$ cat coords.txt   # compact mmCIF, C-alpha atoms
# COMPACT_ATOMS: atom_id res chain seq x y z
CA MET A 1 -21.60 48.70 0.19
CA ALA A 2 -18.27 48.39 -1.61
CA TRP A 3 -16.36 45.13 -1.53
CA PRO A 4 -13.05 45.13 0.39
CA ASN A 5 -10.04 45.83 -1.80
CA ILE A 6 -8.83 42.27 -1.44
CA PHE A 7 -11.79 41.00 -3.50
CA GLN A 8 -11.69 43.61 -6.25
CA ARG A 9 -10.48 42.72 -9.76
CA GLY A 10 -8.60 39.57 -8.89
CA THR A 11 -6.47 41.17 -6.20
CA LEU A 12 -6.66 38.02 -4.07
CA LEU A 13 -5.49 35.72 -6.85
CA SER A 14 -2.80 38.05 -8.13
CA GLN A 15 -0.84 37.88 -4.87
CA PHE A 16 -0.40 34.09 -5.09
CA SER A 17 2.32 32.34 -7.10
CA HIS A 18 2.46 28.72 -8.21
CA HIS A 19 4.41 28.00 -5.03
CA HIS A 20 1.35 28.99 -3.00
CA VAL A 21 -0.75 26.57 -5.07
CA VAL A 22 1.73 23.75 -4.48
CA VAL A 23 1.81 24.40 -0.72
CA PHE A 24 -2.00 24.53 -0.62
CA LEU A 25 -2.38 21.21 -2.45
CA LEU A 26 0.41 19.39 -0.59
CA THR A 27 -0.85 20.34 2.86
CA PHE A 28 -4.47 19.74 1.84
CA PHE A 29 -3.93 16.22 0.58
CA SER A 30 -1.35 15.35 3.26
CA TYR A 31 -3.86 16.00 5.99
CA SER A 32 -6.70 14.49 3.96
CA LEU A 33 -4.86 11.18 3.72
CA LEU A 34 -3.84 11.36 7.39
CA HIS A 35 -7.47 11.88 8.33
CA ALA A 36 -8.51 9.09 5.97
CA SER A 37 -6.35 6.64 7.91
CA ARG A 38 -8.14 7.80 11.08
CA LYS A 39 -11.58 7.48 9.51
CA THR A 40 -11.10 3.90 8.32
CA PHE A 41 -11.09 2.62 11.91
CA SER A 42 -14.71 3.70 12.33
CA ASN A 43 -15.64 2.07 9.03
CA VAL A 44 -14.30 -1.37 9.96
CA LYS A 45 -15.58 -1.62 13.54
CA VAL A 46 -18.18 -4.23 12.60
CA SER A 47 -15.51 -6.46 11.04
CA ILE A 48 -13.18 -5.96 14.00
CA SER A 49 -15.92 -6.82 16.48
CA LYS A 50 -16.65 -10.06 14.62
CA GLN A 51 -12.96 -10.92 14.54
CA TRP A 52 -12.60 -10.43 18.28
CA THR A 53 -15.61 -12.56 19.27
CA PRO A 54 -16.31 -16.27 18.69
CA SER A 55 -18.59 -17.27 15.84
CA ALA A 56 -21.79 -19.19 16.51
CA PHE A 57 -21.43 -20.79 13.10
CA ASN A 58 -17.98 -22.29 13.66
CA ARG A 59 -17.89 -25.80 12.14
CA SER A 60 -14.20 -26.46 12.88
CA LEU A 61 -13.10 -29.82 14.15
CA GLU A 62 -11.14 -28.06 16.90
CA PRO A 63 -13.27 -25.12 18.08
CA VAL A 64 -11.42 -24.86 21.41
CA GLU A 65 -8.15 -23.94 19.72
CA ILE A 66 -9.77 -21.36 17.49
CA TRP A 67 -11.61 -19.89 20.50
CA SER A 68 -8.36 -19.57 22.45
CA SER A 69 -6.38 -18.02 19.58
CA ASN A 70 -8.92 -15.45 18.36
CA ARG A 71 -11.12 -14.72 21.37
CA LEU A 72 -10.68 -11.37 23.02
CA PHE A 73 -14.23 -11.07 24.27
CA PRO A 74 -17.04 -13.55 24.96
CA SER A 75 -19.67 -11.32 23.38
CA ALA A 76 -20.10 -8.60 20.77
CA GLU A 77 -21.25 -6.19 23.49
CA GLU A 78 -17.91 -6.37 25.31
CA ALA A 79 -16.06 -5.97 22.02
CA THR A 80 -18.12 -2.86 21.28
CA LEU A 81 -17.26 -1.45 24.72
CA PHE A 82 -13.57 -1.99 24.06
CA LEU A 83 -13.83 -0.24 20.68
CA GLY A 84 -15.24 2.75 22.54
CA THR A 85 -12.33 2.54 24.97
CA LEU A 86 -9.90 2.63 22.07
CA ASP A 87 -11.59 5.77 20.73
CA THR A 88 -11.26 7.37 24.16
CA VAL A 89 -7.57 6.58 24.67
CA PHE A 90 -6.87 7.74 21.11
CA LEU A 91 -8.54 11.11 21.65
CA PHE A 92 -6.90 11.65 25.05
CA SER A 93 -3.45 10.89 23.65
CA TYR A 94 -4.27 13.02 20.60
CA ALA A 95 -5.20 15.93 22.88
CA VAL A 96 -1.99 15.63 24.88
CA GLY A 97 0.00 15.30 21.68
CA LEU A 98 -1.47 18.52 20.26
CA PHE A 99 0.06 20.52 23.13
CA ILE A 100 3.44 18.88 22.57
CA SER A 101 3.37 18.92 18.75
CA GLY A 102 2.65 22.64 18.62
CA ILE A 103 5.69 23.41 20.75
CA VAL A 104 7.93 20.97 18.87
CA GLY A 105 6.71 22.23 15.49
CA ASP A 106 7.67 25.82 16.34
CA ARG A 107 11.19 24.81 17.35
CA LEU A 108 12.03 22.21 14.70
CA ASN A 109 11.59 21.93 10.94
CA LEU A 110 7.85 21.65 10.32
CA ARG A 111 8.35 19.37 7.32
CA TRP A 112 10.38 16.87 9.30
CA VAL A 113 7.95 16.83 12.20
CA LEU A 114 4.99 16.33 9.86
CA SER A 115 6.76 13.66 7.81
CA PHE A 116 7.83 11.77 10.93
CA GLY A 117 4.33 11.85 12.37
CA MET A 118 2.63 10.70 9.18
CA CYS A 119 5.06 7.88 8.36
CA SER A 120 5.19 6.61 11.94
CA SER A 121 1.40 6.71 12.23
CA ALA A 122 1.11 4.68 9.02
CA LEU A 123 3.46 2.08 10.50
CA VAL A 124 1.44 1.86 13.74
CA VAL A 125 -1.85 1.45 11.85
CA PHE A 126 -0.22 -1.24 9.70
CA VAL A 127 0.89 -3.16 12.79
CA PHE A 128 -2.53 -2.71 14.45
CA GLY A 129 -4.61 -3.95 11.53
CA THR A 130 -2.36 -6.13 9.40
CA VAL A 131 0.60 -7.57 11.31
CA THR A 132 -1.56 -8.69 14.25
CA GLU A 133 -3.93 -10.38 11.81
CA TRP A 134 -1.10 -12.10 9.94
CA LEU A 135 0.30 -13.43 13.22
CA HIS A 136 -3.17 -14.13 14.67
CA PHE A 137 -2.03 -12.26 17.78
CA TYR A 138 -4.88 -10.52 19.60
CA ASN A 139 -4.11 -8.64 22.82
CA LYS A 140 -6.06 -5.83 24.46
CA TRP A 141 -3.03 -4.15 26.01
CA LEU A 142 -1.14 -4.18 22.73
CA TYR A 143 -4.08 -2.56 20.95
CA CYS A 144 -4.36 0.13 23.65
CA CYS A 145 -0.63 0.91 23.51
CA LEU A 146 -0.64 1.09 19.71
CA TRP A 147 -3.63 3.42 19.71
CA ILE A 148 -2.10 5.71 22.33
CA VAL A 149 1.05 5.97 20.21
CA ASN A 150 -1.08 6.53 17.12
CA GLY A 151 -2.90 9.42 18.81
CA LEU A 152 0.39 11.07 19.74
CA LEU A 153 1.78 10.65 16.23
CA GLN A 154 -1.37 11.85 14.46
CA SER A 155 -1.36 14.97 16.62
CA THR A 156 1.64 16.23 14.64
CA GLY A 157 -0.57 16.70 11.58
CA TRP A 158 -2.91 19.61 12.25
CA PRO A 159 -0.55 22.05 14.06
CA CYS A 160 2.13 21.57 11.41
CA VAL A 161 -0.05 21.94 8.32
CA VAL A 162 -1.79 24.99 9.80
CA ALA A 163 1.61 26.53 10.61
CA VAL A 164 2.88 25.87 7.07
CA MET A 165 -0.23 27.44 5.58
CA GLY A 166 -0.01 30.39 7.97
CA ASN A 167 3.58 31.04 6.95
CA TRP A 168 2.70 31.09 3.25
CA PHE A 169 -0.64 32.89 3.27
CA GLY A 170 -0.89 36.35 4.80
CA LYS A 171 -3.76 37.84 6.74
CA ALA A 172 -5.35 39.35 3.63
CA GLY A 173 -7.76 36.82 2.18
CA ARG A 174 -6.82 34.21 4.76
CA GLY A 175 -10.46 33.59 5.66
CA VAL A 176 -11.34 32.54 2.12
CA VAL A 177 -8.22 30.45 1.62
CA PHE A 178 -8.42 28.69 4.97
CA GLY A 179 -12.17 28.23 4.64
CA LEU A 180 -11.61 26.23 1.46
CA TRP A 181 -8.48 24.51 2.73
CA SER A 182 -10.08 23.38 6.00
CA ALA A 183 -12.28 21.00 3.99
CA CYS A 184 -9.25 18.67 3.90
CA ALA A 185 -10.49 16.73 6.96
CA SER A 186 -13.91 16.15 5.39
CA VAL A 187 -12.32 15.09 2.11
CA GLY A 188 -10.17 12.67 4.09
CA ASN A 189 -13.27 11.23 5.74
CA ILE A 190 -14.84 10.64 2.34
CA LEU A 191 -11.67 9.00 1.01
CA GLY A 192 -11.32 6.85 4.11
CA ALA A 193 -14.90 5.62 3.92
CA CYS A 194 -14.62 4.80 0.21
CA LEU A 195 -11.29 3.02 0.58
CA ALA A 196 -12.42 1.06 3.63
CA SER A 197 -15.61 -0.11 1.94
CA SER A 198 -13.58 -1.24 -1.06
CA VAL A 199 -10.95 -3.08 0.94
CA LEU A 200 -13.58 -4.83 3.05
CA GLN A 201 -14.99 -6.45 -0.09
CA TYR A 202 -11.85 -7.10 -2.09
CA GLY A 203 -8.39 -8.56 -1.52
CA TYR A 204 -6.12 -5.88 -0.11
CA GLU A 205 -3.17 -8.28 -0.02
CA TYR A 206 -3.09 -8.51 -3.80
CA SER A 207 -3.56 -4.76 -4.15
CA LEU A 208 -0.54 -4.00 -1.97
CA ALA A 209 1.48 -6.75 -3.59
CA TYR A 210 0.66 -5.45 -7.05
CA ALA A 211 1.76 -1.93 -6.07
CA CYS A 212 5.27 -3.30 -5.44
CA LEU A 213 5.33 -5.70 -8.37
CA LYS A 214 3.97 -3.24 -10.94
CA LEU A 215 6.65 -0.80 -9.82
CA VAL A 216 9.30 -3.32 -10.87
CA ASN A 217 7.49 -4.42 -14.03
CA TYR A 218 6.86 -0.89 -15.28
CA SER A 219 10.38 0.19 -14.41
CA PHE A 220 11.59 -2.39 -16.92
CA PHE A 221 8.96 -1.10 -19.35
CA PHE A 222 10.09 2.53 -19.05
CA TRP A 223 13.81 2.18 -18.37
CA LEU A 224 15.07 -1.00 -20.03
CA PRO A 225 16.11 0.50 -23.42
CA PHE A 226 17.75 3.42 -21.61
CA TYR A 227 19.59 1.05 -19.28
CA LEU A 228 20.93 -1.02 -22.17
CA SER A 229 22.23 2.05 -23.96
CA ASN A 230 23.51 3.81 -20.86
CA ASN A 231 25.12 0.83 -19.16
CA PHE A 232 26.48 -1.13 -22.13
CA GLY A 233 26.91 1.64 -24.68
CA TRP A 234 24.75 -0.12 -27.27
CA LYS A 235 23.03 1.88 -29.99
CA GLU A 236 19.52 3.03 -29.22
CA ALA A 237 17.97 1.03 -32.06
CA GLU A 238 19.75 -2.14 -30.89
CA ALA A 239 18.64 -1.55 -27.30
CA ASP A 240 15.03 -1.08 -28.41
CA LYS A 241 15.01 -4.37 -30.33
CA LEU A 242 16.71 -6.26 -27.54
CA SER A 243 14.23 -5.03 -24.90
CA ILE A 244 11.38 -7.02 -26.49
CA TRP A 245 12.75 -10.21 -24.92
CA TYR A 246 11.51 -9.05 -21.52
CA ASP A 247 7.94 -8.97 -22.87
CA VAL A 248 8.41 -12.33 -24.60
CA GLY A 249 9.34 -13.83 -21.23
CA GLY A 250 6.30 -12.15 -19.63
CA ILE A 251 3.93 -13.62 -22.22
CA ILE A 252 5.25 -17.14 -21.71
CA GLY A 253 5.39 -16.73 -17.93
CA GLY A 254 1.84 -15.45 -17.59
CA THR A 255 0.43 -18.24 -19.75
CA LEU A 256 2.38 -21.11 -18.17
CA GLN A 257 1.96 -19.93 -14.59
CA GLY A 258 -1.75 -19.35 -15.18
CA PHE A 259 -2.08 -22.93 -16.45
CA ILE A 260 -0.27 -24.34 -13.40
CA SER A 261 -2.45 -22.29 -11.04
CA ASP A 262 -5.55 -23.66 -12.76
CA VAL A 263 -4.32 -27.23 -12.27
CA LEU A 264 -3.61 -26.59 -8.57
CA GLN A 265 -6.73 -24.40 -8.21
CA LYS A 266 -4.56 -22.04 -6.18
CA ARG A 267 -2.83 -18.83 -7.29
CA ALA A 268 -0.68 -17.67 -4.36
CA PRO A 269 1.79 -20.61 -4.18
CA VAL A 270 2.52 -20.29 -7.91
CA LEU A 271 3.07 -16.56 -7.53
CA ALA A 272 5.30 -17.06 -4.50
CA LEU A 273 7.58 -19.55 -6.26
CA SER A 274 7.81 -17.35 -9.34
CA LEU A 275 8.62 -14.25 -7.29
CA LEU A 276 11.29 -16.03 -5.26
CA LEU A 277 12.90 -17.13 -8.53
CA ALA A 278 12.46 -13.56 -9.79
CA ILE A 279 14.79 -12.37 -7.04
CA GLY A 280 17.45 -14.74 -8.33
CA SER A 281 16.85 -13.66 -11.92
CA LEU A 282 17.24 -10.00 -10.92
CA VAL A 283 20.56 -10.79 -9.28
CA GLY A 284 21.67 -12.64 -12.43
CA TYR A 285 20.50 -9.95 -14.84
CA SER A 286 22.18 -7.18 -12.83
CA ARG A 287 25.47 -8.97 -13.49
CA SER A 288 24.87 -9.66 -17.19
CA PRO A 289 28.06 -9.42 -19.29
CA ASN A 290 28.38 -7.13 -22.30
CA ASP A 291 26.98 -9.77 -24.62
CA LYS A 292 23.66 -9.30 -26.41
CA SER A 293 22.75 -12.99 -26.58
CA ILE A 294 23.36 -13.68 -22.90
CA ASN A 295 21.63 -10.42 -21.96
CA ALA A 296 18.57 -11.34 -24.04
CA LEU A 297 18.37 -14.76 -22.38
CA LEU A 298 18.65 -13.36 -18.86
CA MET A 299 16.16 -10.64 -19.79
CA ALA A 300 13.60 -13.20 -20.99
CA VAL A 301 14.03 -15.22 -17.79
CA THR A 302 13.51 -12.07 -15.72
CA GLY A 303 10.41 -11.22 -17.73
CA PHE A 304 9.12 -14.76 -17.20
CA PHE A 305 9.33 -14.52 -13.41
CA ILE A 306 8.28 -10.85 -13.02
CA GLY A 307 6.06 -10.11 -16.00
CA GLY A 308 4.22 -13.42 -15.60
CA PRO A 309 3.02 -12.83 -12.00
CA SER A 310 2.25 -9.20 -12.84
CA ASN A 311 -0.02 -10.29 -15.67
CA MET A 312 -1.70 -12.89 -13.44
CA ILE A 313 -2.52 -10.44 -10.65
CA SER A 314 -3.89 -7.81 -13.01
CA SER A 315 -6.12 -10.27 -14.89
CA ALA A 316 -6.89 -13.78 -13.60
CA ILE A 317 -6.62 -12.96 -9.89
CA SER A 318 -8.65 -9.77 -10.30
CA ALA A 319 -11.33 -11.86 -12.03
CA ASP A 320 -11.21 -14.40 -9.16
CA LEU A 321 -11.70 -11.65 -6.58
CA GLY A 322 -14.53 -10.12 -8.58
CA ARG A 323 -16.38 -13.45 -8.60
CA GLN A 324 -15.93 -14.43 -4.96
CA GLU A 325 -19.01 -15.42 -2.96
CA LEU A 326 -19.06 -12.21 -0.95
CA ILE A 327 -19.99 -10.14 -3.99
CA GLN A 328 -21.75 -12.65 -6.20
CA GLY A 329 -24.68 -11.20 -8.08
CA SER A 330 -23.04 -7.82 -8.60
CA SER A 331 -22.42 -7.23 -12.29
CA GLU A 332 -20.22 -4.25 -11.43
CA ALA A 333 -17.90 -6.03 -9.02
CA LEU A 334 -15.50 -7.49 -11.57
CA ALA A 335 -14.70 -4.12 -13.13
CA THR A 336 -14.55 -2.49 -9.70
CA VAL A 337 -12.07 -4.93 -8.22
CA THR A 338 -9.92 -4.79 -11.35
CA GLY A 339 -9.85 -1.02 -11.06
CA ILE A 340 -8.91 -1.17 -7.38
CA VAL A 341 -6.09 -3.69 -7.87
CA ASP A 342 -4.69 -2.05 -10.98
CA GLY A 343 -5.18 1.45 -9.60
CA THR A 344 -3.20 0.60 -6.48
CA GLY A 345 -0.53 -0.98 -8.66
CA SER A 346 -0.35 2.13 -10.82
CA VAL A 347 0.22 4.32 -7.77
CA GLY A 348 3.20 2.16 -6.84
CA ALA A 349 4.47 2.23 -10.42
CA ALA A 350 4.14 6.02 -10.58
CA VAL A 351 6.15 6.55 -7.41
CA GLY A 352 8.74 4.03 -8.56
CA GLN A 353 9.68 5.77 -11.78
CA TYR A 354 10.96 8.84 -9.98
CA LEU A 355 12.77 6.68 -7.41
CA VAL A 356 14.52 4.74 -10.19
CA SER A 357 15.93 7.91 -11.71
CA LEU A 358 16.88 9.26 -8.28
CA ILE A 359 18.66 6.05 -7.20
CA GLN A 360 20.44 5.67 -10.53
CA ASP A 361 21.66 9.24 -10.51
CA ASN A 362 23.04 9.07 -6.97
CA LEU A 363 24.05 5.43 -6.49
CA GLY A 364 24.20 3.74 -9.90
CA TRP A 365 22.34 0.95 -11.70
CA MET A 366 23.34 -1.80 -9.27
CA TRP A 367 21.42 -0.07 -6.49
CA VAL A 368 18.42 0.18 -8.79
CA PHE A 369 18.44 -3.61 -9.00
CA TYR A 370 18.77 -3.84 -5.22
CA PHE A 371 15.66 -1.66 -5.06
CA PHE A 372 13.85 -4.03 -7.45
CA ILE A 373 14.84 -6.99 -5.27
CA LEU A 374 13.47 -5.19 -2.20
CA MET A 375 10.15 -4.46 -3.94
CA THR A 376 9.85 -8.04 -5.17
CA SER A 377 10.49 -9.27 -1.63
CA CYS A 378 7.75 -6.93 -0.36
CA THR A 379 5.40 -8.46 -2.92
CA VAL A 380 6.02 -11.90 -1.43
CA LEU A 381 5.59 -10.46 2.07
CA PHE A 382 2.19 -8.96 1.30
CA ILE A 383 0.76 -12.19 -0.09
CA SER A 384 2.43 -14.41 2.53
CA PRO A 385 -0.84 -14.87 4.53
CA LEU A 386 -2.53 -16.06 1.33
CA ILE A 387 0.41 -18.34 0.56
CA VAL A 388 0.20 -20.03 3.97
CA ARG A 389 -3.58 -20.34 3.74
CA GLU A 390 -3.57 -21.86 0.26
CA ILE A 391 -0.69 -24.24 0.98
CA CYS A 392 -2.52 -25.48 4.08
CA SER A 393 -5.63 -25.94 1.94
CA LEU A 394 -3.64 -27.95 -0.61
CA MET A 395 -2.19 -30.15 2.12
CA GLN A 396 -5.62 -30.78 3.65
CA ARG A 397 -7.02 -31.65 0.23
CA GLN A 398 -4.17 -34.07 -0.37
CA GLN A 399 -4.70 -35.72 3.02
CA ALA A 400 -8.43 -36.04 2.37
CA HIS A 401 -7.68 -37.64 -0.98
CA MET A 402 -5.28 -40.15 0.58
CA LEU A 403 -7.80 -41.07 3.30
CA SER A 404 -10.55 -41.61 0.73
CA GLU A 405 -8.34 -44.12 -1.07
$ encode --input "coords.txt" --output "structure tokens"
Amino acid sequence: MAWPNIFQRGTLLSQFSHHHVVVFLLTFFSYSLLHASRKTFSNVKVSISKQWTPSAFNRSLEPVEIWSSNRLFPSAEEATLFLGTLDTVFLFSYAVGLFISGIVGDRLNLRWVLSFGMCSSALVVFVFGTVTEWLHFYNKWLYCCLWIVNGLLQSTGWPCVVAVMGNWFGKAGRGVVFGLWSACASVGNILGACLASSVLQYGYEYSLAYACLKLVNYSFFFWLPFYLSNNFGWKEAEADKLSIWYDVGGIIGGTLQGFISDVLQKRAPVLALSLLLAIGSLVGYSRSPNDKSINALLMAVTGFFIGGPSNMISSAISADLGRQELIQGSSEALATVTGIVDGTGSVGAAVGQYLVSLIQDNLGWMWVFYFFILMTSCTVLFISPLIVREICSLMQRQQAHMLSE
């Protein structure tokens, strides 16, 4: 029996342009990542259940307070029942949302509907899993409301990506194309499981913080000589030589700050102070006069407070995380955690380079520095739970030392 014409001599491939390939990949990975965020909830249910129930091994001096602040359920069985309830309300709201999203997607711009749904869903998941943990605020009704909203927002994904694909790919060969493309949900499940298992073992706070900080650090790496030539009109060779002072500051900063953190036996407070001073140094460097000596000094100071913490997170802190008690005995953990932290940082740095050029072209260099200040502030925000925890630990250690004397 002869093959249909669509499969003969590359007919199927010949009708597709590079635009079709781009649409295929964008929709595939957009929905994969959306589904990954959905999958992670199932992967962390054990951890959530433990967080919501009291521990039998609590050795705190004030167990009543800890019970009152963290307890949602008196037993793991009730916590498990509530997790099932959350799955139910999510799927019901998701089902209702599918009816609405299909209608809205046909009447509005599909890209805007999809973008709004994905970004808003990411925000809801962030509040559900991270903000509530930072604030130690545990409430059943809040979790239910967040998960209902999440179901509605996630429902924008499938109708919109299918509609986009349907608009680009005709009926001929659609079965083959969609058969391959529909694997996006399964790929998302795999990604979600892998990412969740990694984050459960290693410090996600430092990974997110490093994504913001490496964006700033690598923006100086890639754009500093260009900025000096473009903004001050200095010759390219002079700008290249002058830019080394940023790295000189980073070398000194990483070494000195690492030493101080060893003395304190805590990393986060040292990073926090350095990053807060980095914000001031960014403000000062953005207003540097057209003087090479002053510029070099301000550049070195900026490198000290930005390059130093960046070097610490990518090396010493990654090594600390790789040697924590949870994963002791694993010879592969140190390399794995370094890859996770640095990989997340590189994603942030990659996105940042395009944003720098876009902001500079439309708003100017001053707004680029405002962007750097925002990213540095986000770095402090992401490690703020660690900062509070380690400062409290330092204060308790100091009090214990005073009492022993």
$ residues_around --input "coords.txt" --residues "A:Met118" --least-positions-apart "6" --cutoff "9 Å" --atoms "all atoms listed in the file" --output "PyMOL selection string"
chain A and resi 30-31+34+153-154+156-157
$ closest_residue --input "coords.txt" --among "A:Ser47, A:Ser229, A:Gln399, A:Ser155" --to "A:Lys241" --atoms "all atoms listed in the file"
A:Ser229
$ atom_distance --input "coords.txt" --atom1 "atom CA of A:Leu215" --atom2 "atom CA of A:Val356"
9.6 Å
$ closest_residue --input "coords.txt" --among "A:Asn150, A:Gly102, A:Cys144, A:Ser182" --to "A:Leu123" --atoms "only C-alpha atoms"
A:Asn150
$ residues_around --input "coords.txt" --residues "A:Ala163" --least-positions-apart "5" --cutoff "9 Å" --atoms "only C-alpha atoms" --output "VMD selection string"
chain A and resid 102 105 to 106 110 158 168
$ write_last_selection --input "coords.txt" --atoms "C-alpha atoms" --output "tab-separated table (two decimals), in the coordinates of the input"
chain	number	residue	atom	x	y	z
A	102	GLY	CA	2.65	22.64	18.62
A	105	GLY	CA	6.71	22.23	15.49
A	106	ASP	CA	7.67	25.82	16.34
A	110	LEU	CA	7.85	21.65	10.32
A	158	TRP	CA	-2.91	19.61	12.25
A	168	TRP	CA	2.70	31.09	3.25
$ atom_distance --input "coords.txt" --atom1 "atom CA of A:Val96" --atom2 "atom CA of A:Trp147"
13.4 Å
$ residues_around --input "coords.txt" --residues "A:Trp112" --least-positions-apart "3" --cutoff "12 Å" --atoms "only C-alpha atoms" --output "PyMOL selection string"
chain A and resi 101+104-109+115-120+156-157+160-161+164
$ closest_residue --input "coords.txt" --among "A:Ile148, A:Ile387, A:Leu26, A:Val351" --to "A:Arg267" --atoms "all atoms listed in the file"
A:Ile387
$ residues_around --input "coords.txt" --residues "A:Val388" --least-positions-apart "2" --cutoff "12 Å" --atoms "only C-alpha atoms" --output "list in words"
Trp134, Leu135, Lys266, Arg267, Ala268, Pro269, Ala272, Val380, Leu381, Phe382, Ile383, Ser384, Pro385, Leu386, Glu390, Ile391, Cys392, Ser393, Leu394 and Met395 of chain A
$ write_last_selection --input "coords.txt" --atoms "C-alpha atoms" --output "PDB file, in the frame of the given file"
ATOM      1  CA  TRP A 134      -1.100 -12.100   9.940  1.00  0.00           C
ATOM      2  CA  LEU A 135       0.300 -13.430  13.220  1.00  0.00           C
ATOM      3  CA  LYS A 266      -4.560 -22.040  -6.180  1.00  0.00           C
ATOM      4  CA  ARG A 267      -2.830 -18.830  -7.290  1.00  0.00           C
ATOM      5  CA  ALA A 268      -0.680 -17.670  -4.360  1.00  0.00           C
ATOM      6  CA  PRO A 269       1.790 -20.610  -4.180  1.00  0.00           C
ATOM      7  CA  ALA A 272       5.300 -17.060  -4.500  1.00  0.00           C
ATOM      8  CA  VAL A 380       6.020 -11.900  -1.430  1.00  0.00           C
ATOM      9  CA  LEU A 381       5.590 -10.460   2.070  1.00  0.00           C
ATOM     10  CA  PHE A 382       2.190  -8.960   1.300  1.00  0.00           C
ATOM     11  CA  ILE A 383       0.760 -12.190  -0.090  1.00  0.00           C
ATOM     12  CA  SER A 384       2.430 -14.410   2.530  1.00  0.00           C
ATOM     13  CA  PRO A 385      -0.840 -14.870   4.530  1.00  0.00           C
ATOM     14  CA  LEU A 386      -2.530 -16.060   1.330  1.00  0.00           C
ATOM     15  CA  GLU A 390      -3.570 -21.860   0.260  1.00  0.00           C
ATOM     16  CA  ILE A 391      -0.690 -24.240   0.980  1.00  0.00           C
ATOM     17  CA  CYS A 392      -2.520 -25.480   4.080  1.00  0.00           C
ATOM     18  CA  SER A 393      -5.630 -25.940   1.940  1.00  0.00           C
ATOM     19  CA  LEU A 394      -3.640 -27.950  -0.610  1.00  0.00           C
ATOM     20  CA  MET A 395      -2.190 -30.150   2.120  1.00  0.00           C
TER      21      MET A 395
END
$ atom_distance --input "coords.txt" --atom1 "atom CA of A:Tyr285" --atom2 "atom CA of A:Leu298"
5.6 Å
$ axis_aligned_box --input "coords.txt" --around "stretch 224-230 of chain A" --padding-each-side "4 Å" --output "lines of an AutoDock Vina configuration file"
center_x = 19.3
center_y = 1.4
center_z = -21.6
size_x = 16.4
size_y = 12.8
size_z = 12.7
$ residues_around --input "coords.txt" --residues "stretch 38-45 of chain A" --least-positions-apart "4" --cutoff "12 Å" --atoms "all atoms listed in the file" --output "CSV table (one decimal) with C-alpha atoms, keeping the file's coordinate frame"
chain,number,residue,atom,x,y,z
A,31,TYR,CA,-3.9,16.0,6.0
A,32,SER,CA,-6.7,14.5,4.0
A,33,LEU,CA,-4.9,11.2,3.7
A,34,LEU,CA,-3.8,11.4,7.4
A,49,SER,CA,-15.9,-6.8,16.5
A,50,LYS,CA,-16.6,-10.1,14.6
A,51,GLN,CA,-13.0,-10.9,14.5
A,52,TRP,CA,-12.6,-10.4,18.3
A,76,ALA,CA,-20.1,-8.6,20.8
A,79,ALA,CA,-16.1,-6.0,22.0
A,80,THR,CA,-18.1,-2.9,21.3
A,81,LEU,CA,-17.3,-1.4,24.7
A,82,PHE,CA,-13.6,-2.0,24.1
A,83,LEU,CA,-13.8,-0.2,20.7
A,84,GLY,CA,-15.2,2.8,22.5
A,86,LEU,CA,-9.9,2.6,22.1
A,87,ASP,CA,-11.6,5.8,20.7
A,90,PHE,CA,-6.9,7.7,21.1
A,91,LEU,CA,-8.5,11.1,21.6
A,94,TYR,CA,-4.3,13.0,20.6
A,118,MET,CA,2.6,10.7,9.2
A,121,SER,CA,1.4,6.7,12.2
A,122,ALA,CA,1.1,4.7,9.0
A,124,VAL,CA,1.4,1.9,13.7
A,125,VAL,CA,-1.8,1.4,11.8
A,126,PHE,CA,-0.2,-1.2,9.7
A,128,PHE,CA,-2.5,-2.7,14.4
A,129,GLY,CA,-4.6,-4.0,11.5
A,147,TRP,CA,-3.6,3.4,19.7
A,150,ASN,CA,-1.1,6.5,17.1
A,151,GLY,CA,-2.9,9.4,18.8
A,153,LEU,CA,1.8,10.6,16.2
A,154,GLN,CA,-1.4,11.8,14.5
A,155,SER,CA,-1.4,15.0,16.6
A,157,GLY,CA,-0.6,16.7,11.6
A,185,ALA,CA,-10.5,16.7,7.0
A,186,SER,CA,-13.9,16.2,5.4
A,187,VAL,CA,-12.3,15.1,2.1
A,188,GLY,CA,-10.2,12.7,4.1
A,189,ASN,CA,-13.3,11.2,5.7
A,190,ILE,CA,-14.8,10.6,2.3
A,191,LEU,CA,-11.7,9.0,1.0
A,192,GLY,CA,-11.3,6.8,4.1
A,193,ALA,CA,-14.9,5.6,3.9
A,194,CYS,CA,-14.6,4.8,0.2
A,195,LEU,CA,-11.3,3.0,0.6
A,196,ALA,CA,-12.4,1.1,3.6
A,197,SER,CA,-15.6,-0.1,1.9
A,198,SER,CA,-13.6,-1.2,-1.1
A,199,VAL,CA,-11.0,-3.1,0.9
A,200,LEU,CA,-13.6,-4.8,3.0
A,201,GLN,CA,-15.0,-6.4,-0.1
